[in-house]
>>> print(open('work.pdb').read())   # PDB, N, CA and C atoms, pLDDT in the B column
ATOM      1  N   MET A  11      71.663  16.607 103.327  1.00 48.00           N
ATOM      2  CA  MET A  11      71.841  17.993 103.745  1.00 48.00           C
ATOM      3  C   MET A  11      73.203  18.484 103.249  1.00 48.00           C
ATOM      4  N   LEU A  12      73.209  19.668 102.679  1.00 50.00           N
ATOM      5  CA  LEU A  12      74.451  20.256 102.192  1.00 50.00           C
ATOM      6  C   LEU A  12      75.233  20.848 103.350  1.00 50.00           C
ATOM      7  N   PRO A  13      76.566  20.800 103.267  1.00 52.00           N
ATOM      8  CA  PRO A  13      77.364  21.422 104.329  1.00 52.00           C
ATOM      9  C   PRO A  13      77.199  22.939 104.299  1.00 52.00           C
ATOM     10  N   ALA A  14      77.386  23.573 105.445  1.00 54.00           N
ATOM     11  CA  ALA A  14      77.292  25.030 105.534  1.00 54.00           C
ATOM     12  C   ALA A  14      78.403  25.660 104.703  1.00 54.00           C
ATOM     13  N   ILE A  15      78.038  26.661 103.928  1.00 63.00           N
ATOM     14  CA  ILE A  15      79.035  27.385 103.151  1.00 63.00           C
ATOM     15  C   ILE A  15      79.581  28.501 104.029  1.00 63.00           C
ATOM     16  N   GLY A  16      80.884  28.617 104.058  1.00 62.00           N
ATOM     17  CA  GLY A  16      81.502  29.670 104.845  1.00 62.00           C
ATOM     18  C   GLY A  16      82.047  29.140 106.152  1.00 62.00           C
ATOM     19  N   LEU A  17      82.594  30.016 106.901  1.00 58.00           N
ATOM     20  CA  LEU A  17      83.224  29.673 108.156  1.00 58.00           C
ATOM     21  C   LEU A  17      82.276  30.018 109.286  1.00 58.00           C
ATOM     22  N   THR A  18      81.879  29.033 110.063  1.00 72.00           N
ATOM     23  CA  THR A  18      80.885  29.270 111.099  1.00 72.00           C
ATOM     24  C   THR A  18      81.487  29.343 112.502  1.00 72.00           C
ATOM     25  N   LEU A  19      82.789  29.457 112.591  1.00 84.00           N
ATOM     26  CA  LEU A  19      83.448  29.560 113.891  1.00 84.00           C
ATOM     27  C   LEU A  19      83.773  31.029 114.170  1.00 84.00           C
ATOM     28  N   ALA A  20      82.754  31.789 114.514  1.00 86.00           N
ATOM     29  CA  ALA A  20      82.896  33.250 114.637  1.00 86.00           C
ATOM     30  C   ALA A  20      83.918  33.673 115.687  1.00 86.00           C
ATOM     31  N   ASP A  21      83.914  33.053 116.858  1.00 90.00           N
ATOM     32  CA  ASP A  21      84.832  33.477 117.919  1.00 90.00           C
ATOM     33  C   ASP A  21      86.298  33.229 117.559  1.00 90.00           C
ATOM     34  N   PRO A  22      86.666  32.041 117.056  1.00 89.00           N
ATOM     35  CA  PRO A  22      88.064  31.848 116.652  1.00 89.00           C
ATOM     36  C   PRO A  22      88.487  32.761 115.497  1.00 89.00           C
ATOM     37  N   VAL A  23      87.568  33.071 114.599  1.00 90.00           N
ATOM     38  CA  VAL A  23      87.902  33.990 113.513  1.00 90.00           C
ATOM     39  C   VAL A  23      88.135  35.391 114.076  1.00 90.00           C
ATOM     40  N   ALA A  24      87.262  35.847 114.959  1.00 92.00           N
ATOM     41  CA  ALA A  24      87.435  37.172 115.573  1.00 92.00           C
ATOM     42  C   ALA A  24      88.748  37.241 116.348  1.00 92.00           C
ATOM     43  N   MET A  25      89.090  36.169 117.054  1.00 90.00           N
ATOM     44  CA  MET A  25      90.351  36.126 117.802  1.00 90.00           C
ATOM     45  C   MET A  25      91.537  36.234 116.848  1.00 90.00           C
ATOM     46  N   ALA A  26      91.484  35.504 115.737  1.00 91.00           N
ATOM     47  CA  ALA A  26      92.582  35.529 114.780  1.00 91.00           C
ATOM     48  C   ALA A  26      92.724  36.898 114.124  1.00 91.00           C
ATOM     49  N   VAL A  27      91.599  37.528 113.797  1.00 93.00           N
ATOM     50  CA  VAL A  27      91.648  38.870 113.201  1.00 93.00           C
ATOM     51  C   VAL A  27      92.227  39.868 114.198  1.00 93.00           C
ATOM     52  N   ALA A  28      91.895  39.717 115.474  1.00 93.00           N
ATOM     53  CA  ALA A  28      92.458  40.609 116.497  1.00 93.00           C
ATOM     54  C   ALA A  28      93.966  40.407 116.620  1.00 93.00           C
ATOM     55  N   LEU A  29      94.412  39.159 116.507  1.00 91.00           N
ATOM     56  CA  LEU A  29      95.846  38.868 116.608  1.00 91.00           C
ATOM     57  C   LEU A  29      96.607  39.261 115.349  1.00 91.00           C
ATOM     58  N   ASP A  30      95.979  39.086 114.190  1.00 93.00           N
ATOM     59  CA  ASP A  30      96.650  39.368 112.915  1.00 93.00           C
ATOM     60  C   ASP A  30      95.633  39.866 111.891  1.00 93.00           C
ATOM     61  N   PRO A  31      95.372  41.169 111.874  1.00 95.00           N
ATOM     62  CA  PRO A  31      94.372  41.723 110.957  1.00 95.00           C
ATOM     63  C   PRO A  31      94.693  41.494 109.476  1.00 95.00           C
ATOM     64  N   THR A  32      95.923  41.126 109.161  1.00 95.00           N
ATOM     65  CA  THR A  32      96.279  40.909 107.758  1.00 95.00           C
ATOM     66  C   THR A  32      95.654  39.639 107.178  1.00 95.00           C
ATOM     67  N   ILE A  33      95.020  38.809 108.007  1.00 94.00           N
ATOM     68  CA  ILE A  33      94.353  37.620 107.451  1.00 94.00           C
ATOM     69  C   ILE A  33      93.042  37.969 106.759  1.00 94.00           C
ATOM     70  N   VAL A  34      92.551  39.183 106.961  1.00 96.00           N
ATOM     71  CA  VAL A  34      91.313  39.618 106.305  1.00 96.00           C
ATOM     72  C   VAL A  34      91.632  39.901 104.835  1.00 96.00           C
ATOM     73  N   THR A  35      90.906  39.226 103.936  1.00 95.00           N
ATOM     74  CA  THR A  35      91.124  39.424 102.509  1.00 95.00           C
ATOM     75  C   THR A  35      89.991  40.207 101.844  1.00 95.00           C
ATOM     76  N   ARG A  36      88.845  40.280 102.494  1.00 95.00           N
ATOM     77  CA  ARG A  36      87.726  41.071 101.957  1.00 95.00           C
ATOM     78  C   ARG A  36      86.864  41.553 103.109  1.00 95.00           C
ATOM     79  N   GLN A  37      86.573  42.833 103.098  1.00 96.00           N
ATOM     80  CA  GLN A  37      85.745  43.424 104.153  1.00 96.00           C
ATOM     81  C   GLN A  37      84.879  44.517 103.559  1.00 96.00           C
ATOM     82  N   SER A  38      83.781  44.831 104.233  1.00 96.00           N
ATOM     83  CA  SER A  38      82.856  45.864 103.782  1.00 96.00           C
ATOM     84  C   SER A  38      82.386  46.666 104.993  1.00 96.00           C
ATOM     85  N   LYS A  39      82.057  47.926 104.748  1.00 97.00           N
ATOM     86  CA  LYS A  39      81.536  48.777 105.819  1.00 97.00           C
ATOM     87  C   LYS A  39      80.029  48.920 105.660  1.00 97.00           C
ATOM     88  N   TYR A  40      79.326  48.787 106.799  1.00 97.00           N
ATOM     89  CA  TYR A  40      77.874  48.874 106.809  1.00 97.00           C
ATOM     90  C   TYR A  40      77.411  49.603 108.062  1.00 97.00           C
ATOM     91  N   PHE A  41      76.174  50.089 108.001  1.00 98.00           N
ATOM     92  CA  PHE A  41      75.522  50.538 109.219  1.00 98.00           C
ATOM     93  C   PHE A  41      74.941  49.292 109.880  1.00 98.00           C
ATOM     94  N   VAL A  42      75.280  49.082 111.142  1.00 96.00           N
ATOM     95  CA  VAL A  42      74.816  47.916 111.905  1.00 96.00           C
ATOM     96  C   VAL A  42      74.197  48.421 113.198  1.00 96.00           C
ATOM     97  N   ASP A  43      73.073  47.822 113.579  1.00 96.00           N
ATOM     98  CA  ASP A  43      72.387  48.192 114.812  1.00 96.00           C
ATOM     99  C   ASP A  43      71.849  46.928 115.468  1.00 96.00           C
ATOM    100  N   ILE A  44      71.495  47.046 116.729  1.00 96.00           N
ATOM    101  CA  ILE A  44      70.893  45.944 117.479  1.00 96.00           C
ATOM    102  C   ILE A  44      69.433  46.289 117.733  1.00 96.00           C
ATOM    103  N   GLU A  45      68.541  45.386 117.346  1.00 94.00           N
ATOM    104  CA  GLU A  45      67.102  45.588 117.566  1.00 94.00           C
ATOM    105  C   GLU A  45      66.796  45.461 119.053  1.00 94.00           C
ATOM    106  N   ILE A  46      66.163  46.480 119.618  1.00 95.00           N
ATOM    107  CA  ILE A  46      65.863  46.449 121.060  1.00 95.00           C
ATOM    108  C   ILE A  46      64.391  46.653 121.378  1.00 95.00           C
ATOM    109  N   THR A  47      63.559  46.898 120.360  1.00 93.00           N
ATOM    110  CA  THR A  47      62.158  47.198 120.656  1.00 93.00           C
ATOM    111  C   THR A  47      61.177  46.096 120.288  1.00 93.00           C
ATOM    112  N   SER A  48      61.521  45.225 119.359  1.00 90.00           N
ATOM    113  CA  SER A  48      60.583  44.198 118.893  1.00 90.00           C
ATOM    114  C   SER A  48      60.574  42.989 119.826  1.00 90.00           C
ATOM    115  N   ASP A  49      59.387  42.456 120.067  1.00 90.00           N
ATOM    116  CA  ASP A  49      59.280  41.232 120.865  1.00 90.00           C
ATOM    117  C   ASP A  49      59.839  40.030 120.117  1.00 90.00           C
ATOM    118  N   LEU A  50      59.718  40.017 118.795  1.00 91.00           N
ATOM    119  CA  LEU A  50      60.143  38.867 117.996  1.00 91.00           C
ATOM    120  C   LEU A  50      61.635  38.863 117.674  1.00 91.00           C
ATOM    121  N   THR A  51      62.224  40.037 117.536  1.00 90.00           N
ATOM    122  CA  THR A  51      63.624  40.099 117.098  1.00 90.00           C
ATOM    123  C   THR A  51      64.527  40.835 118.091  1.00 90.00           C
ATOM    124  N   ARG A  52      64.099  41.003 119.302  1.00 92.00           N
ATOM    125  CA  ARG A  52      64.893  41.718 120.311  1.00 92.00           C
ATOM    126  C   ARG A  52      66.272  41.078 120.438  1.00 92.00           C
ATOM    127  N   GLY A  53      67.305  41.896 120.344  1.00 94.00           N
ATOM    128  CA  GLY A  53      68.680  41.428 120.453  1.00 94.00           C
ATOM    129  C   GLY A  53      69.303  41.033 119.125  1.00 94.00           C
ATOM    130  N   MET A  54      68.529  41.089 118.045  1.00 94.00           N
ATOM    131  CA  MET A  54      69.022  40.707 116.726  1.00 94.00           C
ATOM    132  C   MET A  54      69.950  41.781 116.161  1.00 94.00           C
ATOM    133  N   THR A  55      71.070  41.347 115.593  1.00 93.00           N
ATOM    134  CA  THR A  55      71.971  42.258 114.902  1.00 93.00           C
ATOM    135  C   THR A  55      71.434  42.482 113.494  1.00 93.00           C
ATOM    136  N   VAL A  56      71.259  43.742 113.119  1.00 93.00           N
ATOM    137  CA  VAL A  56      70.706  44.085 111.818  1.00 93.00           C
ATOM    138  C   VAL A  56      71.786  44.809 111.006  1.00 93.00           C
ATOM    139  N   ILE A  57      72.118  44.244 109.844  1.00 94.00           N
ATOM    140  CA  ILE A  57      73.120  44.830 108.954  1.00 94.00           C
ATOM    141  C   ILE A  57      72.384  45.420 107.752  1.00 94.00           C
ATOM    142  N   ASP A  58      72.538  46.714 107.549  1.00 96.00           N
ATOM    143  CA  ASP A  58      71.874  47.396 106.439  1.00 96.00           C
ATOM    144  C   ASP A  58      72.738  47.272 105.177  1.00 96.00           C
ATOM    145  N   GLU A  59      72.761  46.071 104.602  1.00 94.00           N
ATOM    146  CA  GLU A  59      73.587  45.800 103.420  1.00 94.00           C
ATOM    147  C   GLU A  59      73.103  46.546 102.183  1.00 94.00           C
ATOM    148  N   LEU A  60      71.831  46.876 102.121  1.00 96.00           N
ATOM    149  CA  LEU A  60      71.268  47.549 100.947  1.00 96.00           C
ATOM    150  C   LEU A  60      71.195  49.063 101.108  1.00 96.00           C
ATOM    151  N   ASP A  61      71.713  49.595 102.210  1.00 95.00           N
ATOM    152  CA  ASP A  61      71.703  51.036 102.496  1.00 95.00           C
ATOM    153  C   ASP A  61      70.292  51.612 102.497  1.00 95.00           C
ATOM    154  N   VAL A  62      69.354  50.847 103.018  1.00 96.00           N
ATOM    155  CA  VAL A  62      67.951  51.266 103.096  1.00 96.00           C
ATOM    156  C   VAL A  62      67.796  52.472 104.019  1.00 96.00           C
ATOM    157  N   LEU A  63      68.559  52.489 105.098  1.00 95.00           N
ATOM    158  CA  LEU A  63      68.427  53.563 106.081  1.00 95.00           C
ATOM    159  C   LEU A  63      69.235  54.810 105.733  1.00 95.00           C
ATOM    160  N   HIS A  64      70.152  54.688 104.786  1.00 97.00           N
ATOM    161  CA  HIS A  64      71.014  55.807 104.376  1.00 97.00           C
ATOM    162  C   HIS A  64      71.770  56.402 105.565  1.00 97.00           C
ATOM    163  N   LYS A  65      72.263  55.513 106.431  1.00 97.00           N
ATOM    164  CA  LYS A  65      73.040  55.961 107.588  1.00 97.00           C
ATOM    165  C   LYS A  65      74.520  55.673 107.351  1.00 97.00           C
ATOM    166  N   GLU A  66      75.343  56.485 107.986  1.00 97.00           N
ATOM    167  CA  GLU A  66      76.792  56.337 107.887  1.00 97.00           C
ATOM    168  C   GLU A  66      77.215  54.957 108.406  1.00 97.00           C
ATOM    169  N   PRO A  67      78.038  54.231 107.651  1.00 97.00           N
ATOM    170  CA  PRO A  67      78.520  52.928 108.141  1.00 97.00           C
ATOM    171  C   PRO A  67      79.234  53.090 109.484  1.00 97.00           C
ATOM    172  N   ASN A  68      78.978  52.165 110.394  1.00 98.00           N
ATOM    173  CA  ASN A  68      79.595  52.225 111.724  1.00 98.00           C
ATOM    174  C   ASN A  68      80.351  50.946 112.084  1.00 98.00           C
ATOM    175  N   ILE A  69      80.354  49.975 111.170  1.00 95.00           N
ATOM    176  CA  ILE A  69      81.012  48.696 111.442  1.00 95.00           C
ATOM    177  C   ILE A  69      81.688  48.198 110.165  1.00 95.00           C
ATOM    178  N   THR A  70      82.857  47.602 110.331  1.00 95.00           N
ATOM    179  CA  THR A  70      83.497  46.889 109.235  1.00 95.00           C
ATOM    180  C   THR A  70      83.193  45.410 109.412  1.00 95.00           C
ATOM    181  N   VAL A  71      82.577  44.815 108.401  1.00 92.00           N
ATOM    182  CA  VAL A  71      82.204  43.408 108.432  1.00 92.00           C
ATOM    183  C   VAL A  71      83.237  42.625 107.635  1.00 92.00           C
ATOM    184  N   VAL A  72      83.843  41.626 108.272  1.00 92.00           N
ATOM    185  CA  VAL A  72      84.812  40.768 107.600  1.00 92.00           C
ATOM    186  C   VAL A  72      84.041  39.776 106.740  1.00 92.00           C
ATOM    187  N   ARG A  73      84.335  39.761 105.439  1.00 90.00           N
ATOM    188  CA  ARG A  73      83.631  38.895 104.493  1.00 90.00           C
ATOM    189  C   ARG A  73      84.444  37.660 104.128  1.00 90.00           C
ATOM    190  N   GLU A  74      85.768  37.784 104.121  1.00 91.00           N
ATOM    191  CA  GLU A  74      86.645  36.676 103.746  1.00 91.00           C
ATOM    192  C   GLU A  74      87.953  36.795 104.495  1.00 91.00           C
ATOM    193  N   ILE A  75      88.527  35.639 104.795  1.00 92.00           N
ATOM    194  CA  ILE A  75      89.836  35.618 105.433  1.00 92.00           C
ATOM    195  C   ILE A  75      90.731  34.626 104.683  1.00 92.00           C
ATOM    196  N   ASP A  76      92.009  34.731 104.957  1.00 92.00           N
ATOM    197  CA  ASP A  76      92.986  33.775 104.439  1.00 92.00           C
ATOM    198  C   ASP A  76      92.887  32.532 105.328  1.00 92.00           C
ATOM    199  N   ILE A  77      92.155  31.527 104.865  1.00 89.00           N
ATOM    200  CA  ILE A  77      91.856  30.361 105.707  1.00 89.00           C
ATOM    201  C   ILE A  77      93.100  29.575 106.101  1.00 89.00           C
ATOM    202  N   PRO A  78      94.059  29.310 105.201  1.00 91.00           N
ATOM    203  CA  PRO A  78      95.270  28.611 105.653  1.00 91.00           C
ATOM    204  C   PRO A  78      96.007  29.368 106.768  1.00 91.00           C
ATOM    205  N   ARG A  79      96.084  30.700 106.631  1.00 92.00           N
ATOM    206  CA  ARG A  79      96.737  31.515 107.683  1.00 92.00           C
ATOM    207  C   ARG A  79      95.920  31.458 108.971  1.00 92.00           C
ATOM    208  N   TRP A  80      94.589  31.490 108.859  1.00 90.00           N
ATOM    209  CA  TRP A  80      93.729  31.393 110.038  1.00 90.00           C
ATOM    210  C   TRP A  80      93.970  30.076 110.769  1.00 90.00           C
ATOM    211  N   LYS A  81      94.067  28.994 110.013  1.00 89.00           N
ATOM    212  CA  LYS A  81      94.318  27.691 110.634  1.00 89.00           C
ATOM    213  C   LYS A  81      95.662  27.668 111.351  1.00 89.00           C
ATOM    214  N   GLU A  82      96.669  28.293 110.763  1.00 90.00           N
ATOM    215  CA  GLU A  82      97.983  28.378 111.419  1.00 90.00           C
ATOM    216  C   GLU A  82      97.865  29.084 112.764  1.00 90.00           C
ATOM    217  N   ILE A  83      97.161  30.205 112.788  1.00 89.00           N
ATOM    218  CA  ILE A  83      96.994  30.965 114.031  1.00 89.00           C
ATOM    219  C   ILE A  83      96.214  30.138 115.049  1.00 89.00           C
ATOM    220  N   LEU A  84      95.125  29.521 114.618  1.00 87.00           N
ATOM    221  CA  LEU A  84      94.302  28.716 115.516  1.00 87.00           C
ATOM    222  C   LEU A  84      95.101  27.558 116.106  1.00 87.00           C
ATOM    223  N   TYR A  85      95.774  26.806 115.254  1.00 89.00           N
ATOM    224  CA  TYR A  85      96.550  25.657 115.731  1.00 89.00           C
ATOM    225  C   TYR A  85      97.676  26.092 116.654  1.00 89.00           C
ATOM    226  N   SER A  86      98.291  27.222 116.341  1.00 89.00           N
ATOM    227  CA  SER A  86      99.363  27.748 117.189  1.00 89.00           C
ATOM    228  C   SER A  86      98.834  28.081 118.587  1.00 89.00           C
ATOM    229  N   CYS A  87      97.664  28.694 118.657  1.00 85.00           N
ATOM    230  CA  CYS A  87      97.069  29.025 119.956  1.00 85.00           C
ATOM    231  C   CYS A  87      96.648  27.773 120.732  1.00 85.00           C
ATOM    232  N   LEU A  88      96.169  26.771 120.026  1.00 85.00           N
ATOM    233  CA  LEU A  88      95.732  25.534 120.692  1.00 85.00           C
ATOM    234  C   LEU A  88      96.905  24.728 121.225  1.00 85.00           C
ATOM    235  N   ARG A  89      98.054  24.860 120.620  1.00 86.00           N
ATOM    236  CA  ARG A  89      99.254  24.109 121.056  1.00 86.00           C
ATOM    237  C   ARG A  89      99.865  24.707 122.326  1.00 86.00           C
ATOM    238  N   LYS A  90      99.562  25.957 122.628  1.00 74.00           N
ATOM    239  CA  LYS A  90     100.209  26.635 123.769  1.00 74.00           C
ATOM    240  C   LYS A  90      99.633  26.170 125.076  1.00 74.00           C
TER     241      LYS A  90
END
>>> encode(input="work.pdb", output="structure tokens")
Amino acid sequence: MLPAIGLTLADPVAMAVALDPTIVTRQSKYFVDIEITSDLTRGMTVIDELDVLHKEPNITVVREIDIPRWKEILYSCLRK
């Protein structure tokens, strides 16, 4: 099995971005909504990356961060 590509620790990344937004190195704006009507996908976050809905972007999605800086912030918080 191949290792997961990307950073899968969403909560620590969100915490670090809140503490230091300068760690974000690439971001994109999209229209994002939460599915509330389907039995199969209720609660699913839907990102319109292809602009299928032609709606005004309402969320900035972080695509890349400065990982060494993120680790510094994470380790600093864990040491406290």
>>> select_by_dssp(input="work.pdb", residues="chain A", states="helix (DSSP H, G or I)", output="VMD selection string")
chain A and resid 20 to 29 31 to 33 77 to 89
>>> residues_around(input="work.pdb", residues="stretch 20-24 of chain A", least_positions_apart="6", cutoff="8 Å", atoms="only N, CA and C atoms", output="mmCIF file with N, CA and C atoms, keeping the file's coordinate frame")
data_model
loop_
_atom_site.group_PDB
_atom_site.id
_atom_site.type_symbol
_atom_site.label_atom_id
_atom_site.label_comp_id
_atom_site.auth_asym_id
_atom_site.auth_seq_id
_atom_site.Cartn_x
_atom_site.Cartn_y
_atom_site.Cartn_z
ATOM 1 N N ASP A 30 95.979 39.086 114.190
ATOM 2 C CA ASP A 30 96.650 39.368 112.915
ATOM 3 C C ASP A 30 95.633 39.866 111.891
ATOM 4 N N TRP A 80 94.589 31.490 108.859
ATOM 5 C CA TRP A 80 93.729 31.393 110.038
ATOM 6 C C TRP A 80 93.970 30.076 110.769
ATOM 7 N N LEU A 84 95.125 29.521 114.618
ATOM 8 C CA LEU A 84 94.302 28.716 115.516
ATOM 9 C C LEU A 84 95.101 27.558 116.106
#
>>> resolve_selection(input="work.pdb", expression="the PyMOL selection byres ((chain A and resi 73) around 8)", output="list in words")
Val34, Thr35, Arg36, Gln37, Ser38, Thr70, Val71, Val72, Glu74 and Ile75 of chain A
>>> residues_around(input="work.pdb", residues="A:Ile44", least_positions_apart="3", cutoff="7 Å", atoms="all atoms listed in the file", output="short mmCIF file (atom, residue, chain, number, x, y, z; two decimals) with N, CA and C atoms, in the frame of the given file")
data_model
loop_
_atom_site.label_atom_id
_atom_site.label_comp_id
_atom_site.auth_asym_id
_atom_site.auth_seq_id
_atom_site.Cartn_x
_atom_site.Cartn_y
_atom_site.Cartn_z
N THR A 47 63.56 46.90 120.36
CA THR A 47 62.16 47.20 120.66
C THR A 47 61.18 46.10 120.29
N ARG A 52 64.10 41.00 119.30
CA ARG A 52 64.89 41.72 120.31
C ARG A 52 66.27 41.08 120.44
N GLY A 53 67.31 41.90 120.34
CA GLY A 53 68.68 41.43 120.45
C GLY A 53 69.30 41.03 119.12
N MET A 54 68.53 41.09 118.04
CA MET A 54 69.02 40.71 116.73
C MET A 54 69.95 41.78 116.16
N THR A 55 71.07 41.35 115.59
CA THR A 55 71.97 42.26 114.90
C THR A 55 71.43 42.48 113.49
N VAL A 56 71.26 43.74 113.12
CA VAL A 56 70.71 44.08 111.82
C VAL A 56 71.79 44.81 111.01
#
>>> residues_around(input="work.pdb", residues="A:Asp61", least_positions_apart="4", cutoff="8 Å", atoms="all atoms listed in the file", output="ChimeraX atom specification")
/A:40-41,57,65
>>> closest_residue(input="work.pdb", among="A:Lys39, A:Glu45, A:Val27, A:Arg89", to="A:Glu66", atoms="only N, CA and C atoms")
A:Lys39
>>> decode(input="work.pdb", residues="stretch 67-83 of chain A", atoms="N, CA and C atoms", output="compact mmCIF listing (two decimals), in the first residue's frame")
# COMPACT_ATOMS: atom_id res chain seq x y z
N PRO A 67 -17.53 32.12 -5.32
CA PRO A 67 -16.76 31.38 -4.29
C PRO A 67 -17.08 31.92 -2.90
N ASN A 68 -17.23 31.02 -1.94
CA ASN A 68 -17.55 31.42 -0.57
C ASN A 68 -16.55 30.88 0.45
N ILE A 69 -15.55 30.15 -0.02
CA ILE A 69 -14.56 29.55 0.88
C ILE A 69 -13.18 29.61 0.24
N THR A 70 -12.18 29.87 1.06
CA THR A 70 -10.79 29.73 0.61
C THR A 70 -10.29 28.38 1.10
N VAL A 71 -9.84 27.56 0.16
CA VAL A 71 -9.35 26.22 0.47
C VAL A 71 -7.83 26.27 0.47
N VAL A 72 -7.22 25.85 1.58
CA VAL A 72 -5.77 25.80 1.68
C VAL A 72 -5.29 24.57 0.93
N ARG A 73 -4.41 24.77 -0.05
CA ARG A 73 -3.91 23.67 -0.88
C ARG A 73 -2.51 23.22 -0.47
N GLU A 74 -1.70 24.14 0.05
CA GLU A 74 -0.33 23.83 0.44
C GLU A 74 0.07 24.72 1.60
N ILE A 75 0.92 24.17 2.45
CA ILE A 75 1.46 24.95 3.56
C ILE A 75 2.98 24.75 3.60
N ASP A 76 3.62 25.62 4.34
CA ASP A 76 5.05 25.49 4.61
C ASP A 76 5.19 24.44 5.71
N ILE A 77 5.49 23.21 5.32
CA ILE A 77 5.49 22.09 6.27
C ILE A 77 6.52 22.24 7.38
N PRO A 78 7.77 22.65 7.10
CA PRO A 78 8.71 22.85 8.21
C PRO A 78 8.20 23.87 9.24
N ARG A 79 7.60 24.97 8.74
CA ARG A 79 7.04 25.99 9.66
C ARG A 79 5.86 25.40 10.43
N TRP A 80 5.03 24.60 9.76
CA TRP A 80 3.89 23.96 10.43
C TRP A 80 4.38 23.07 11.57
N LYS A 81 5.43 22.30 11.30
CA LYS A 81 5.97 21.42 12.34
C LYS A 81 6.49 22.22 13.52
N GLU A 82 7.13 23.35 13.25
CA GLU A 82 7.60 24.22 14.34
C GLU A 82 6.44 24.67 15.22
N ILE A 83 5.36 25.11 14.59
CA ILE A 83 4.19 25.57 15.34
C ILE A 83 3.59 24.41 16.14
